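Structure data follow from final_7.txt (compact mmCIF, N, CA and C atoms):
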# COMPACT_ATOMS: atom_id res chain seq x y z
N MET W 852 107.61 142.95 205.62
CA MET W 852 106.47 142.21 206.12
C MET W 852 105.91 142.97 207.33
N ARG W 853 104.61 143.11 207.33
CA ARG W 853 103.97 143.82 208.43
C ARG W 853 104.00 142.99 209.70
N LEU W 854 103.88 143.70 210.81
CA LEU W 854 103.92 143.04 212.12
C LEU W 854 102.80 142.02 212.27
N SER W 855 101.60 142.35 211.80
CA SER W 855 100.47 141.43 211.94
C SER W 855 100.68 140.16 211.13
N GLN W 856 101.30 140.28 209.96
CA GLN W 856 101.59 139.09 209.15
C GLN W 856 102.63 138.22 209.83
N ARG W 857 103.62 138.88 210.43
CA ARG W 857 104.66 138.14 211.13
C ARG W 857 104.08 137.39 212.32
N LYS W 858 103.14 138.03 213.05
CA LYS W 858 102.49 137.37 214.19
C LYS W 858 101.68 136.17 213.72
N GLU W 859 100.96 136.33 212.61
CA GLU W 859 100.17 135.20 212.08
C GLU W 859 101.06 134.03 211.74
N LYS W 860 102.20 134.29 211.11
CA LYS W 860 103.12 133.21 210.74
C LYS W 860 103.67 132.53 211.99
N MET W 861 103.98 133.32 213.02
CA MET W 861 104.48 132.74 214.26
C MET W 861 103.42 131.87 214.93
N GLN W 862 102.16 132.35 214.91
CA GLN W 862 101.08 131.57 215.50
C GLN W 862 100.87 130.27 214.73
N LEU W 863 100.91 130.35 213.41
CA LEU W 863 100.74 129.16 212.58
C LEU W 863 101.86 128.16 212.84
N GLU W 864 103.08 128.66 212.92
CA GLU W 864 104.22 127.79 213.21
C GLU W 864 104.06 127.12 214.58
N SER W 865 103.57 127.87 215.55
CA SER W 865 103.34 127.33 216.89
C SER W 865 102.29 126.23 216.87
N VAL W 866 101.22 126.44 216.13
CA VAL W 866 100.16 125.43 216.02
C VAL W 866 100.69 124.17 215.36
N ILE W 867 101.46 124.33 214.29
CA ILE W 867 102.02 123.17 213.58
C ILE W 867 102.94 122.39 214.51
N LYS W 868 103.77 123.08 215.27
CA LYS W 868 104.69 122.40 216.19
C LYS W 868 103.93 121.66 217.28
N ARG W 869 102.84 122.25 217.78
CA ARG W 869 102.04 121.57 218.81
C ARG W 869 101.35 120.33 218.24
N LEU W 870 100.87 120.44 217.00
CA LEU W 870 100.25 119.28 216.35
C LEU W 870 101.27 118.16 216.17
N ILE W 871 102.46 118.51 215.75
CA ILE W 871 103.50 117.50 215.57
C ILE W 871 103.82 116.83 216.90
N LYS W 872 103.89 117.61 217.96
CA LYS W 872 104.16 117.04 219.29
C LYS W 872 103.05 116.08 219.70
N PHE W 873 101.77 116.48 219.46
CA PHE W 873 100.66 115.60 219.78
C PHE W 873 100.73 114.31 218.96
N ILE W 874 101.01 114.45 217.67
CA ILE W 874 101.09 113.27 216.80
C ILE W 874 102.20 112.34 217.26
N ASN W 875 103.34 112.90 217.63
CA ASN W 875 104.45 112.05 218.12
C ASN W 875 104.06 111.31 219.39
N THR W 876 103.38 112.00 220.31
CA THR W 876 102.94 111.38 221.56
C THR W 876 101.94 110.26 221.29
N ARG W 877 100.98 110.54 220.43
CA ARG W 877 99.95 109.54 220.11
C ARG W 877 100.55 108.33 219.39
N THR W 878 101.46 108.58 218.46
CA THR W 878 102.11 107.49 217.74
C THR W 878 102.90 106.61 218.70
N GLU W 879 103.60 107.25 219.62
CA GLU W 879 104.37 106.51 220.63
C GLU W 879 103.45 105.62 221.47
N ALA W 880 102.32 106.18 221.91
CA ALA W 880 101.37 105.41 222.72
C ALA W 880 100.82 104.21 221.94
N LEU W 881 100.47 104.43 220.69
CA LEU W 881 99.96 103.33 219.87
C LEU W 881 101.03 102.28 219.63
N SER W 882 102.27 102.70 219.41
CA SER W 882 103.37 101.75 219.21
C SER W 882 103.60 100.91 220.45
N ILE W 883 103.52 101.54 221.61
CA ILE W 883 103.69 100.80 222.87
C ILE W 883 102.56 99.78 223.04
N THR W 884 101.34 100.17 222.67
CA THR W 884 100.21 99.25 222.75
C THR W 884 100.47 98.01 221.91
N VAL W 885 100.98 98.20 220.71
CA VAL W 885 101.23 97.07 219.81
C VAL W 885 102.38 96.21 220.34
N THR W 886 103.46 96.85 220.76
CA THR W 886 104.64 96.07 221.15
C THR W 886 104.55 95.46 222.55
N SER W 887 103.64 95.94 223.38
CA SER W 887 103.54 95.39 224.74
C SER W 887 102.44 94.34 224.87
N GLY W 888 101.88 93.93 223.76
CA GLY W 888 100.87 92.89 223.80
C GLY W 888 99.48 93.40 224.13
N GLY W 889 99.24 94.67 223.92
CA GLY W 889 97.94 95.24 224.22
C GLY W 889 96.89 95.02 223.14
N VAL W 890 97.25 94.24 222.13
CA VAL W 890 96.32 93.95 221.03
C VAL W 890 95.94 92.48 221.12
N ASP W 891 94.64 92.23 221.20
CA ASP W 891 94.19 90.85 221.39
C ASP W 891 93.62 90.19 220.14
N ASN W 892 93.51 90.95 219.03
CA ASN W 892 93.06 90.31 217.79
C ASN W 892 93.61 91.06 216.58
N MET W 893 93.56 90.40 215.45
CA MET W 893 94.15 90.93 214.22
C MET W 893 93.44 92.20 213.74
N GLU W 894 92.15 92.27 213.94
CA GLU W 894 91.38 93.45 213.52
C GLU W 894 91.86 94.70 214.26
N LYS W 895 92.04 94.57 215.56
CA LYS W 895 92.51 95.69 216.37
C LYS W 895 93.95 96.06 215.98
N TYR W 896 94.76 95.05 215.72
CA TYR W 896 96.14 95.28 215.30
C TYR W 896 96.18 96.09 214.00
N GLN W 897 95.39 95.66 213.03
CA GLN W 897 95.36 96.36 211.74
C GLN W 897 94.84 97.78 211.89
N TYR W 898 93.87 97.97 212.75
CA TYR W 898 93.32 99.30 213.01
C TYR W 898 94.39 100.23 213.59
N ILE W 899 95.14 99.74 214.57
CA ILE W 899 96.18 100.55 215.20
C ILE W 899 97.30 100.85 214.21
N ILE W 900 97.69 99.86 213.43
CA ILE W 900 98.73 100.09 212.42
C ILE W 900 98.25 101.13 211.41
N GLY W 901 96.98 101.09 211.05
CA GLY W 901 96.41 102.10 210.15
C GLY W 901 96.47 103.50 210.76
N GLN W 902 96.17 103.59 212.05
CA GLN W 902 96.26 104.88 212.74
C GLN W 902 97.69 105.39 212.74
N ILE W 903 98.64 104.52 213.05
CA ILE W 903 100.04 104.92 213.07
C ILE W 903 100.48 105.41 211.69
N THR W 904 100.09 104.69 210.66
CA THR W 904 100.44 105.07 209.29
C THR W 904 99.87 106.44 208.94
N ALA W 905 98.61 106.67 209.28
CA ALA W 905 97.97 107.96 208.99
C ALA W 905 98.63 109.09 209.78
N LEU W 906 98.94 108.84 211.05
CA LEU W 906 99.59 109.87 211.87
C LEU W 906 100.97 110.21 211.34
N GLU W 907 101.71 109.19 210.92
CA GLU W 907 103.06 109.43 210.38
C GLU W 907 102.99 110.24 209.08
N ALA W 908 102.03 109.93 208.23
CA ALA W 908 101.87 110.69 206.97
C ALA W 908 101.51 112.14 207.27
N THR W 909 100.63 112.34 208.25
CA THR W 909 100.24 113.70 208.64
C THR W 909 101.41 114.45 209.24
N ARG W 910 102.17 113.78 210.10
CA ARG W 910 103.35 114.40 210.70
C ARG W 910 104.35 114.83 209.63
N GLN W 911 104.54 113.99 208.63
CA GLN W 911 105.48 114.31 207.56
C GLN W 911 105.02 115.53 206.77
N GLU W 912 103.73 115.60 206.48
CA GLU W 912 103.20 116.76 205.76
C GLU W 912 103.36 118.04 206.57
N LEU W 913 103.09 117.97 207.87
CA LEU W 913 103.26 119.14 208.73
C LEU W 913 104.73 119.55 208.80
N SER W 914 105.61 118.58 208.90
CA SER W 914 107.05 118.87 208.92
C SER W 914 107.48 119.53 207.62
N ASN W 915 106.93 119.06 206.51
CA ASN W 915 107.24 119.67 205.21
C ASN W 915 106.78 121.12 205.17
N LEU W 916 105.63 121.41 205.75
CA LEU W 916 105.15 122.79 205.81
C LEU W 916 106.11 123.66 206.59
N LEU W 917 106.62 123.16 207.70
CA LEU W 917 107.59 123.92 208.49
C LEU W 917 108.88 124.13 207.72
N GLU W 918 109.35 123.09 207.02
CA GLU W 918 110.57 123.22 206.23
C GLU W 918 110.40 124.24 205.12
N ASP W 919 109.26 124.21 204.44
CA ASP W 919 108.99 125.19 203.39
C ASP W 919 109.00 126.59 203.95
N LYS W 920 108.41 126.76 205.13
CA LYS W 920 108.36 128.08 205.76
C LYS W 920 109.77 128.54 206.10
N GLU W 921 110.58 127.65 206.66
CA GLU W 921 111.94 128.00 207.04
C GLU W 921 112.78 128.32 205.81
N GLN W 922 112.57 127.58 204.74
CA GLN W 922 113.35 127.82 203.53
C GLN W 922 112.95 129.13 202.86
N ASN W 923 111.71 129.56 203.06
CA ASN W 923 111.25 130.79 202.42
C ASN W 923 111.55 132.03 203.24
N GLU W 924 112.10 131.88 204.42
CA GLU W 924 112.46 133.03 205.24
C GLU W 924 113.88 133.46 204.88
N GLY W 925 114.14 134.75 204.98
CA GLY W 925 115.48 135.26 204.71
C GLY W 925 115.75 135.35 203.23
N THR W 926 116.99 135.45 202.90
CA THR W 926 117.40 135.57 201.50
C THR W 926 117.64 134.18 200.95
N VAL W 927 116.86 133.83 199.96
CA VAL W 927 116.99 132.52 199.34
C VAL W 927 117.21 132.74 197.85
N ILE W 928 118.23 132.12 197.33
CA ILE W 928 118.48 132.18 195.89
C ILE W 928 118.22 130.80 195.34
N ASP W 929 117.29 130.72 194.42
CA ASP W 929 116.92 129.44 193.82
C ASP W 929 117.57 129.35 192.45
N ILE W 930 118.51 128.47 192.32
CA ILE W 930 119.20 128.29 191.04
C ILE W 930 118.69 127.01 190.42
N LYS W 931 117.95 127.17 189.33
CA LYS W 931 117.41 126.01 188.64
C LYS W 931 118.14 125.85 187.33
N THR W 932 118.49 124.60 187.04
CA THR W 932 119.13 124.36 185.76
C THR W 932 118.08 124.13 184.70
N LYS W 933 118.37 124.56 183.50
CA LYS W 933 117.42 124.36 182.39
C LYS W 933 117.45 122.91 181.96
N GLN W 934 116.28 122.40 181.67
CA GLN W 934 116.20 121.00 181.26
C GLN W 934 115.66 120.91 179.87

Would you mind writing the file out in structure tokens?
Amino acid sequence: MRLSQRKEKMQLESVIKRLIKFINTRTEALSITVTSGGVDNMEKYQYIIGQITALEATRQELSNLLEDKEQNEGTVIDIKTKQ
């Protein structure tokens, strides 16, 4: 792998990790808002729960991208059984 490709992968991994950190921080803040009584009506509650759900789904997809990247680095032997 060329040096420039390796740098690109490192930069991409860094961006993904920063996004995950932001998502975790935002999810935590929204959760605190809900649990500390910061929601005064059902519409706002449902909106915040929707945001949390979307952030969690996005975080999971980003985490999966990191896992795929980590699994594809180094020597990997994929043994698939015939079905």

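Take the candidates W:Ile899, W:Arg853, W:Arg869, W:Thr904 and check each one against W:Val885 using all atoms listed in the file; the shortest distance goes to W:Ile899.
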
What is the atom CA of W:Gln911-atom CA of W:Gln897 distance in Å, reported with one decimal?
->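 Rounded to one decimal, the two atoms are 21.0 Å apart.
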
When you draw a straight line from atom CA of W:Arg910 to atom N of W:Lys872, how long is it in Å?
->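 These two atoms are separated by 8.0 Å.
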
In Å, rounded to a single decimal, give me how far atom N of W:Asn915 is from atom C of W:Ile867.
->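 Atom N of W:Asn915 lies at a distance of 9.5 Å from atom C of W:Ile867.
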
Which residue, W:Ile874, W:Leu916, W:Val866, W:Leu881, has the smallest gap to W:Tyr898 when you use only C-alpha atoms?
->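 Closest candidate: W:Leu881.
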